[in-house]
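Read through the structure below, which is laid out as structure tokens, and then see the notes.
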Amino acid sequence: MAATGCYKNRYMETINWKIEGMSCSTCALTIGKYLEKKGGQNIKVSLASGDVSFDSPGELDRQQLQKGIHDLGYSVVREEAPGTKAARRPLNRHLRYFLFCLPFTVLLMLPMAPGMAGLHWLMSSWIQLVLCLPIFTIGMLFFGRSAVKSLLNGLPNMNVLIAVGATAAFVYSLVGSIEGLGSDYLFYETTAAIITIVFLGYYIEDASIQATQRSLNSLATSQKVMATMIAFDDQHQEALFPVENTQLRSGDLILIRSGEQVPADCKILWGEGGADESILTGESLPVDKVAKDTLIGGSLLVSGSVKAQVTAAIGDSVMAGIVRLVREAQGEKPPMQQLADRISAVFVPVVVGLAVITFLGNYFYLHQAAPALMRSIAVLVIACPCAMGLATPAAIAVGLGRAARSGILFRNARHLEAFRNIRQVIFDKTGTLTTGDFSISRWQVLPEAVTAGDTRPEAHLTDDQFREIAFSLEKYSNHPIAKGIASEWKQKRSLPWQKIEEVKGLGMKAQTKSGDIYWAGSHKVAAALTNDNTHNVYIVCNDRLLGWIDVQDTLRPEAASVIQWLHGKGIRTVLLSGDRRQPCLQLAAQLGIAEVLAEQTPEQKLQQVSRLNSEMPSAMVGDGINDAPALARATIGLSMSDASHLAVQTADVVLMNQGLRHLPAALQLGRQTFATIRSNLFWAFFYNVIAIPVAAFGWLTPAVAALAMGFSDVVLVANSLRLYVKKIAG
């Protein structure tokens with residue numbers, strides 16, 4: 001099965017293929033149009049990586065689809081597992097063709113070199129024909145076949161220009177040989193040079209494109225390693241044996257020693273150590289790991305040894321998900337690329353028309369067919385739709401790859417481009433600007449508080465009893481504040497409840513066997529007992545207020561520097577939270593955030609984001625379930641990787657490893673990637689606008705034109721690769 005991976009639901013199957021043979025944007029368009037014609041949906045074709053993804057109804061025959069793609073001149077490469085390299089690569093094929101053609105081309109060009117007059121016998125038209133024929137044959141098998149198939153499909157590609165130019169020179173020379181018209185009619189070396197140099201150009205282009213995939217490839221290839229699996233024999237004795245991590249499944253036990261790569265996502269059962277997660281987060285300092293902590297597959301255990309339980313097979317791992325996410329994002333087409341694709345779709349017919357005009361104009365002006373033909377061939381081979389087609393994918397590939405290595409995951413390439421317009425960032429409070437880990441700051445047992453059912457003067461509630469009641473109630477809640485209280489006031493014993501439940505919007509309610517009712521909740525549970533609504537948690541028993549507890553959230557250490565950086569760039573900040581107004585105002589004052597929108601329900605958050613987004617393009621950073629609708633509504637929604645599952649799935653960008661500190665880098669990468677796309681497109685258009693007239697006026701030979709065409713793509717890819725070394729914040 002050629003699909004690199006797929007998943008099924010009731011209606012659709014998503015198929016991911018690696019396709020080789022694409023040389024320009026019209027190739028990607030051809031494959032996309034073919035799959036669309038056959039019923040494929042949500043089609044994504046990445047010219048830079050060769051990855052193709054589409055949704056297929058169950059009735060589509062994969063083998064027929066692959067055969068159809070092969071008939072178009074491309075082939076589906078078989079990949080068995082994540083990180084597995086293709087058996088054949090376009091780079092190797094183009095290099096092989098170039099090396100085959102090179103000796104024949106050198107022999108054809110030698111008589112023209114200074115001091116080679118003794119090789120005049122190579123100037124014989126028939127010897128030149130014999131030397132050129134192998135080159136022309138292999139060129140037509142590659143360029144010609146692809147050109148014909150693209151024409152039959154209605155989307156002429158780059159190879160049409162090469163095939164027409166090389167064929168014109170060959171046929172003109174063949175007629176000259178048959179008619180014995182002399183050396184002025186022999187241009188076999190032109191045919192050979194065009195084909196050979198274009199193969200070289202394709203080889204260099206492939207190598208350059210592979211460089212744009214460097215970050216993604218390093219993530220993908222990091223996945224396949226050997227693991228030490230723990231098993232038990234019939235005597236219940238522990239045994240160790242090596243397995244490839246592709247064979248590990250959830251629940252398997254593994255041993256990871258110091259210096260070894262973590263083979264799969266796992267949870268530590270025994271031992272401790274330091275993990276280098278820089279391949280995923282960009283953070284070079286080791287992270288201390290102890291029992292119950294998770295290790296991410298692909299990271300490196302730099303110290304210590306641990307025994308761990310696998311939590312996800314390699315195909316479902318965090319790293320595999322990241323690679324899949326980045327590849328899908330690379331297949332997306334931002335608006336600028338869609339414009340370039342529309343131009344590329346009509347580029348080849350326009351260039352052929354210009355070549356015809358060049359021939360006719362020069363023929364009537366010079367009254368000579370040979371120079372007119374050479375100039376028209378030069379126009380054909382120097383024109384480069386590939387440059388326009390690669391302008392965006394190359395920059396997107398580098399931008400997404402560097403983002404992934406920096407701990408920033410984009411779900412869609414469009415959001416890289418959208419970052420350039422962001423003028424406002426909206427922050428949730430708990431878990432975003434703060435850690436979400438609460439600690440008790442103040443608490444008080446009221447003087448009149450007594451134990452349940454006891455009204456004697458000496459029965460006043462003690463501090464220890466108050467802490468025991470609070471712990472006994474809050475340990476059953478998943479609310480961050482309750483977790484903080486339960487963790488700090490952890491007791492060896494707790495009150496035995498007959499019934500306990502969490503009442504939405506109020507807090508925890510419990511009942512003892514004797515019928516006493518206890519509450520631990522917001523001011524709403526004590527509204528009839530006190531007008532003081534400034535505390536976080538109120539403890540109530542049988543309609544008596546026992547006391548209150550105040551907690552404080554820990555500010556993320558990077559929050560202040562991130563807000564300061566945003567303000568330095570002229571980006572407005574807003575705090576949008578469901579928390580009480582007073583702590584929100586205190587936090588905003590501490591960070592310098594001007595606008596505060598507190599005590600907001602999820603529905604109100606959605607309305608506020610809609611309003612703020614209508615005023616100026618806004619990014620929203622959140623981490624909770626209640627943030628999910630607002631994240632979806634913002635121009636760009638950003639979620640922390642440790643956020644709720646729903647928030648992560650709704651966000652456009654995921655900041656890994658508690659990654660608020662990655663926010664400036666995400667903004668800068670988005671803007672720098674867009675700037676690179678814009679400069680690439682400028683140079684692609686500028687190149688063609690200048691190069692075609694230069695060739696038409698005879699200032700370039702076809703061979704030099706072929707060389708210039710080949711290197712035009714390399715220039716754009718080199719410009720894109722600058723994103724790897726550009727300095728970004730964070």
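If you're wondering about the labels, chains in the structure tokens are A, B, ... by order shown, residues count from 1 in each chain, ligands from 1 in order shown.
Residues of segment 452-546 of chain A that DSSP places in strand (DSSP E or B), based on the backbone of this structure, are His460, Lys499, Ile500, Glu501, Glu502, Val503, Gly507, Met508, Lys509, Ala510, Gln511, Ile517, Tyr518, Trp519, Ala520, Gly521, Val537, Tyr538, Ile539, Val540, Cys541, Arg544, Leu545 and Leu546 of chain A.
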Just-selected residues, C-alpha atoms written as a PDB file, in the first residue's frame:
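The resulting file, part07.pdb, is reproduced below:
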ATOM      1  CA  HIS A 460     -15.447  26.685  68.153  1.00  0.00           C
ATOM      2  CA  LYS A 499     -22.811  12.101  49.223  1.00  0.00           C
ATOM      3  CA  ILE A 500     -20.676  14.670  47.403  1.00  0.00           C
ATOM      4  CA  GLU A 501     -21.121  16.443  44.059  1.00  0.00           C
ATOM      5  CA  GLU A 502     -19.766  19.379  42.096  1.00  0.00           C
ATOM      6  CA  VAL A 503     -22.487  21.947  41.341  1.00  0.00           C
ATOM      7  CA  GLY A 507     -18.693  24.657  43.950  1.00  0.00           C
ATOM      8  CA  MET A 508     -18.533  21.409  45.911  1.00  0.00           C
ATOM      9  CA  LYS A 509     -21.546  20.253  47.961  1.00  0.00           C
ATOM     10  CA  ALA A 510     -21.325  17.353  50.423  1.00  0.00           C
ATOM     11  CA  GLN A 511     -23.596  15.661  52.943  1.00  0.00           C
ATOM     12  CA  ILE A 517     -24.649  20.002  54.422  1.00  0.00           C
ATOM     13  CA  TYR A 518     -21.224  21.474  53.598  1.00  0.00           C
ATOM     14  CA  TRP A 519     -20.268  23.794  50.751  1.00  0.00           C
ATOM     15  CA  ALA A 520     -16.920  24.935  49.370  1.00  0.00           C
ATOM     16  CA  GLY A 521     -17.529  27.417  46.581  1.00  0.00           C
ATOM     17  CA  VAL A 537     -13.563  30.193  48.349  1.00  0.00           C
ATOM     18  CA  TYR A 538     -16.169  30.204  51.109  1.00  0.00           C
ATOM     19  CA  ILE A 539     -16.705  27.235  53.439  1.00  0.00           C
ATOM     20  CA  VAL A 540     -20.329  26.904  54.621  1.00  0.00           C
ATOM     21  CA  CYS A 541     -21.993  24.364  56.933  1.00  0.00           C
ATOM     22  CA  ARG A 544     -23.381  28.988  58.689  1.00  0.00           C
ATOM     23  CA  LEU A 545     -20.266  30.619  57.223  1.00  0.00           C
ATOM     24  CA  LEU A 546     -17.230  28.857  58.693  1.00  0.00           C
TER      25      LEU A 546
END
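Among the candidates A:Val725, A:Met640, A:Val351, A:Leu707, the residue lying nearest to Pro693 of chain A is A:Val351 (atoms considered: only C-alpha atoms).
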* Asked: Which residues come within 9 Å of Val381 of chain A, counting only C-alpha atoms, excluding same-chain residues fewer than 4 positions away, as a VMD selection string?
  -> chain A and resid 161 to 162 164 to 166 194 198 376 to 377 702 to 703 705 to 709
Using only N, CA and C atoms, please write the residues we just selected to a file, as a compact mmCIF listing (two decimals), in the first residue's frame.
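Result saved to result-v3.txt:
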# COMPACT_ATOMS: atom_id res chain seq x y z
N LEU A 161 8.16 23.71 -22.57
CA LEU A 161 9.12 24.69 -23.08
C LEU A 161 10.45 24.03 -23.42
N ILE A 162 10.93 23.15 -22.52
CA ILE A 162 12.21 22.48 -22.75
C ILE A 162 12.10 21.56 -23.96
N VAL A 164 9.97 21.61 -26.52
CA VAL A 164 9.82 22.35 -27.78
C VAL A 164 11.14 22.96 -28.21
N GLY A 165 11.87 23.58 -27.27
CA GLY A 165 13.15 24.20 -27.61
C GLY A 165 14.16 23.19 -28.10
N ALA A 166 14.33 22.08 -27.37
CA ALA A 166 15.30 21.06 -27.77
C ALA A 166 14.92 20.40 -29.08
N ILE A 194 20.98 22.19 -23.87
CA ILE A 194 19.70 22.48 -23.20
C ILE A 194 19.30 21.33 -22.30
N VAL A 198 19.57 21.52 -18.18
CA VAL A 198 18.31 21.50 -17.45
C VAL A 198 18.29 20.33 -16.46
N SER A 376 14.44 32.38 -30.45
CA SER A 376 13.14 31.89 -29.98
C SER A 376 13.33 30.71 -29.03
N ILE A 377 14.33 29.85 -29.29
CA ILE A 377 14.63 28.73 -28.38
C ILE A 377 15.11 29.27 -27.04
N PRO A 702 21.02 29.77 -26.29
CA PRO A 702 20.12 28.83 -25.61
C PRO A 702 20.78 28.09 -24.45
N ALA A 703 22.07 27.76 -24.58
CA ALA A 703 22.75 27.04 -23.50
C ALA A 703 22.85 27.91 -22.25
N ALA A 705 20.94 30.41 -21.59
CA ALA A 705 19.57 30.61 -21.13
C ALA A 705 19.12 29.43 -20.27
N ALA A 706 19.46 28.20 -20.66
CA ALA A 706 19.10 27.02 -19.88
C ALA A 706 19.77 27.05 -18.52
N LEU A 707 21.04 27.49 -18.49
CA LEU A 707 21.76 27.58 -17.23
C LEU A 707 21.11 28.63 -16.32
N ALA A 708 20.74 29.78 -16.90
CA ALA A 708 20.10 30.84 -16.12
C ALA A 708 18.75 30.38 -15.57
N MET A 709 18.01 29.64 -16.39
CA MET A 709 16.72 29.12 -15.94
C MET A 709 16.90 28.18 -14.75
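Within the 9 Å cut-off around Ser720 of chain A, using only C-alpha atoms and omitting residues fewer than 2 positions from it on the same chain, the listed residues are Thr212, Ala391, Ala394, Ala395, Ile396, Ala397, Val398, Gly399, Thr673, Thr676, Ile677, Asn680, Val715, Leu716, Val717, Ala718, Arg722, Leu723 and Tyr724 of chain A.
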